[in-house]
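Take a look at the structure below.
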Amino acid sequence: MKIAIMKLGGILITALPLDLIDEDAMEFQGDLLNEINAHDAKGVIIDISALDLVDSFMARIINDSATMAGLLGAEVVVCGMQPQIGTTLIEMGRELLGVETALNLDLAMARILAKVKAEDMEQADDGT
Amino acid sequence: MTELKNTQLAISSQTDVIVCRQKAREAAVTMGFGLADQTRLATAVSELVRNALRHGGGGNCLIRDLEEKVQYGIEILIEDDGPGIADIDQALEDGYSTDKSLGLGLPAAKRLVHVLHIDSQPGRTCISIKMYLQKKAA
């Protein structure tokens with residue numbers, strides 16, 4: 001199953017579907033990096049509101065995707081985590097999910113835009 | 001008390017990881033577990049079934065109700081006929097892995113359920129997890 005990655009301005013928005021098999025999750029990781037590269041994306045939002053659980057494998061996919069996207073220079077925010085997933089992740093091990101999160105897509109977008117804007121201003125400052 | 005039908009599921013593909021955890025969640029719903037416990041149980045099953053598939057080459061998953069002297073609950077048995085776990089204590093430590101994974105699955109599963117018991121020898125590993133619903137009236 002191919003996961004849609006949508007481009008809005010310089011931001012990529014994607015939503016992980018419920019019951020993703022491991023192979024598709026790994027394919028998503030590769031696709032996301034390719035899309036960031038192809039579109040020079042400055043930010044990525046990964047919505048996980050459809051997920052009814054996040055096990056250690058899925059946590060790793062999300063973490064690694066965010067870290068790799070960061071290495072390419074994109075800001076990443078994960079949004080929409082259901083409360084009971086937060087609980088299980090903490091119980092399973094505190095280091096499982098180390099990504100920046102936002103409550104919902106609206107807040108994630110606001111956060112990403114603020115980060116991208118701050119970066120642009122930094123760049124402008126460096127230019128003078 | 002809601003009786004749970006025994007459910008036996010095969011573990012032979014990545015899709016079975018999803019089927020097993022869905023059935024575990026359904027069983028937890030049937031038994032009256034809350035959303036947090038449903039999620040804990042389904043997450044633990046996801047970890048263990050994936051392990052059985054990856055390290056044990058597949059096997060099966062049995063979901064049944066549990067009636068002990070003082071408590072009701074669910075028991076899920078995950079079996080595989082793989083090489084077995086050489087050192088169970090070590091396997092339950094965070095970060096121990098025989099492959100390239102982070103080695104967090106088994107210890108994570110243990111933290112999510114009330115009881116996790118491993119019985120392993122070369123050729124057969126059986127992991128039992130239990131979640132208790134409530135104490136019976138004395």
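Chain labels run A, B, ... following the order of the structure tokens; each chain numbers its residues from 1, and ligands are numbered from 1 in the order shown.
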Which residues come within 12 Å of Met31 of chain B, counting only C-alpha atoms, excluding same-chain residues fewer than 6 positions away, as a compact mmCIF listing (two decimals) with N, CA and C atoms, in the first residue's frame?
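File written: result-v7.txt
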# COMPACT_ATOMS: atom_id res chain seq x y z
N MET B 1 -20.18 -12.91 33.95
CA MET B 1 -18.84 -12.79 33.37
C MET B 1 -18.88 -13.20 31.89
N THR B 2 -18.35 -12.38 31.06
CA THR B 2 -18.35 -12.68 29.63
C THR B 2 -17.39 -13.82 29.33
N GLU B 3 -17.94 -14.79 28.63
CA GLU B 3 -17.07 -15.90 28.23
C GLU B 3 -16.42 -15.56 26.90
N LEU B 4 -15.15 -15.87 26.82
CA LEU B 4 -14.42 -15.57 25.60
C LEU B 4 -14.23 -16.87 24.85
N LYS B 5 -14.55 -16.85 23.56
CA LYS B 5 -14.28 -18.04 22.77
C LYS B 5 -12.78 -18.14 22.50
N ALA B 24 -6.83 -9.58 19.51
CA ALA B 24 -6.54 -9.39 20.93
C ALA B 24 -7.32 -8.20 21.47
N ARG B 25 -7.36 -7.14 20.67
CA ARG B 25 -8.11 -5.95 21.09
C ARG B 25 -9.61 -6.27 21.18
N ASP B 37 -6.16 -0.30 28.54
CA ASP B 37 -5.74 -1.71 28.63
C ASP B 37 -5.87 -2.43 27.29
N GLN B 38 -6.90 -2.07 26.52
CA GLN B 38 -7.03 -2.65 25.16
C GLN B 38 -5.77 -2.33 24.36
N ILE B 63 -5.79 -16.96 21.83
CA ILE B 63 -6.40 -15.99 22.74
C ILE B 63 -7.49 -16.71 23.51
N ARG B 64 -7.44 -16.64 24.84
CA ARG B 64 -8.48 -17.33 25.61
C ARG B 64 -8.75 -16.59 26.92
N ASP B 65 -9.87 -16.92 27.52
CA ASP B 65 -10.12 -16.22 28.79
C ASP B 65 -9.46 -16.98 29.92
N LEU B 66 -9.28 -16.26 30.97
CA LEU B 66 -8.47 -16.74 32.06
C LEU B 66 -9.31 -16.67 33.32
N TYR B 72 -10.20 -12.58 37.08
CA TYR B 72 -10.56 -12.87 35.70
C TYR B 72 -9.62 -12.11 34.76
N GLY B 73 -9.53 -12.59 33.54
CA GLY B 73 -8.73 -11.83 32.60
C GLY B 73 -8.60 -12.54 31.27
N ILE B 74 -7.59 -12.13 30.53
CA ILE B 74 -7.31 -12.70 29.21
C ILE B 74 -5.91 -13.30 29.26
N GLU B 75 -5.76 -14.44 28.64
CA GLU B 75 -4.41 -14.98 28.44
C GLU B 75 -4.19 -15.14 26.94
N MET B 131 -3.57 -10.44 31.23
CA MET B 131 -4.09 -9.15 31.70
C MET B 131 -5.28 -9.46 32.58
N TYR B 132 -5.28 -8.94 33.80
CA TYR B 132 -6.39 -9.21 34.73
C TYR B 132 -7.39 -8.07 34.71
N LEU B 133 -8.65 -8.47 34.78
CA LEU B 133 -9.72 -7.49 34.69
C LEU B 133 -10.08 -6.93 36.06
N GLN B 134 -10.38 -7.80 36.97
CA GLN B 134 -10.82 -7.34 38.29
C GLN B 134 -10.69 -8.49 39.27
Give the alpha helix (DSSP H) residues of chain B, as DSSP finds them on the backbone, and put them as a ChimeraX atom specification. /B:14-31,35-54,88-91,105-112
Among segment 39-95 of chain B, which ones does DSSP assign to strand (DSSP E) (computed from the backbone)? Answer as a PyMOL selection string. chain B and resi 59-67+71-80
Interface list for chain A, partner chain B, 9 Å threshold, only C-alpha atoms, as an MDAnalysis selection string: chainID A and resid 19:23 52:57 60 83:85 87:89 91:93 96
Pick out the residues sitting within 10 Å of Gly73 of chain A, and hand them over as a PyMOL selection string; count only C-alpha atoms, and ignore anything fewer than 6 positions along from it in its own chain. chain A and resi 36-37+40-43+67
Can you pull out every residue within 6 Å of segment 53-62 of chain B, counting only C-alpha atoms, but drop anything in the same chain fewer than 3 positions away, and send it as a VMD selection string? chain B and resid 7 to 12 50 76 to 82
Write to file, as an mmCIF file, in the first residue's frame, the residues of the selection just made, with N, CA, C and O atoms.
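So selection.cif came out as:
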data_model
loop_
_atom_site.group_PDB
_atom_site.id
_atom_site.type_symbol
_atom_site.label_atom_id
_atom_site.label_comp_id
_atom_site.auth_asym_id
_atom_site.auth_seq_id
_atom_site.Cartn_x
_atom_site.Cartn_y
_atom_site.Cartn_z
ATOM 1 N N THR B 7 -9.629 -18.361 20.529
ATOM 2 C CA THR B 7 -9.323 -18.004 19.151
ATOM 3 C C THR B 7 -7.898 -18.418 18.845
ATOM 4 O O THR B 7 -6.961 -18.001 19.524
ATOM 5 N N GLN B 8 -7.768 -19.251 17.851
ATOM 6 C CA GLN B 8 -6.428 -19.710 17.456
ATOM 7 C C GLN B 8 -6.090 -19.076 16.106
ATOM 8 O O GLN B 8 -6.865 -19.168 15.157
ATOM 9 N N LEU B 9 -4.968 -18.394 16.050
ATOM 10 C CA LEU B 9 -4.583 -17.687 14.825
ATOM 11 C C LEU B 9 -3.194 -18.107 14.381
ATOM 12 O O LEU B 9 -2.303 -18.311 15.209
ATOM 13 N N ALA B 10 -3.021 -18.233 13.075
ATOM 14 C CA ALA B 10 -1.692 -18.576 12.548
ATOM 15 C C ALA B 10 -0.841 -17.321 12.465
ATOM 16 O O ALA B 10 -1.336 -16.218 12.263
ATOM 17 N N ILE B 11 0.468 -17.509 12.664
ATOM 18 C CA ILE B 11 1.420 -16.407 12.464
ATOM 19 C C ILE B 11 2.337 -16.815 11.320
ATOM 20 O O ILE B 11 3.238 -17.639 11.502
ATOM 21 N N SER B 12 2.070 -16.298 10.123
ATOM 22 C CA SER B 12 2.928 -16.699 9.009
ATOM 23 C C SER B 12 3.262 -15.548 8.062
ATOM 24 O O SER B 12 4.071 -15.710 7.162
ATOM 25 N N ARG B 50 5.247 -10.224 16.140
ATOM 26 C CA ARG B 50 6.301 -9.843 15.202
ATOM 27 C C ARG B 50 7.592 -10.620 15.515
ATOM 28 O O ARG B 50 8.265 -11.116 14.620
ATOM 29 N N ILE B 76 -3.022 -14.740 26.494
ATOM 30 C CA ILE B 76 -2.668 -14.933 25.095
ATOM 31 C C ILE B 76 -1.348 -15.693 25.035
ATOM 32 O O ILE B 76 -0.376 -15.334 25.714
ATOM 33 N N LEU B 77 -1.362 -16.769 24.277
ATOM 34 C CA LEU B 77 -0.164 -17.596 24.136
ATOM 35 C C LEU B 77 0.371 -17.423 22.717
ATOM 36 O O LEU B 77 -0.367 -17.583 21.748
ATOM 37 N N ILE B 78 1.646 -17.092 22.629
ATOM 38 C CA ILE B 78 2.262 -16.922 21.323
ATOM 39 C C ILE B 78 3.392 -17.929 21.199
ATOM 40 O O ILE B 78 4.340 -17.915 21.985
ATOM 41 N N GLU B 79 3.234 -18.828 20.241
ATOM 42 C CA GLU B 79 4.180 -19.934 20.109
ATOM 43 C C GLU B 79 4.904 -19.879 18.778
ATOM 44 O O GLU B 79 4.312 -19.497 17.766
ATOM 45 N N ASP B 80 6.151 -20.274 18.776
ATOM 46 C CA ASP B 80 6.838 -20.492 17.500
ATOM 47 C C ASP B 80 7.761 -21.681 17.653
ATOM 48 O O ASP B 80 8.058 -22.106 18.773
ATOM 49 N N ASP B 81 8.179 -22.229 16.525
ATOM 50 C CA ASP B 81 9.080 -23.392 16.596
ATOM 51 C C ASP B 81 10.466 -23.022 16.077
ATOM 52 O O ASP B 81 11.158 -23.808 15.435
ATOM 53 N N GLY B 82 10.862 -21.808 16.357
ATOM 54 C CA GLY B 82 12.180 -21.309 15.952
ATOM 55 C C GLY B 82 13.294 -21.776 16.879
ATOM 56 O O GLY B 82 13.096 -22.695 17.677
#
In Å, with one decimal, what is the gap from atom CA of Glu100 of chain A to atom CA of Gly30 of chain A? 20.0 Å
Nearest to Ala108 of chain A among A:Asp125, A:Glu75, A:Asp120, A:Glu95, with distances taken over only C-alpha atoms: which residue is it? A:Glu75
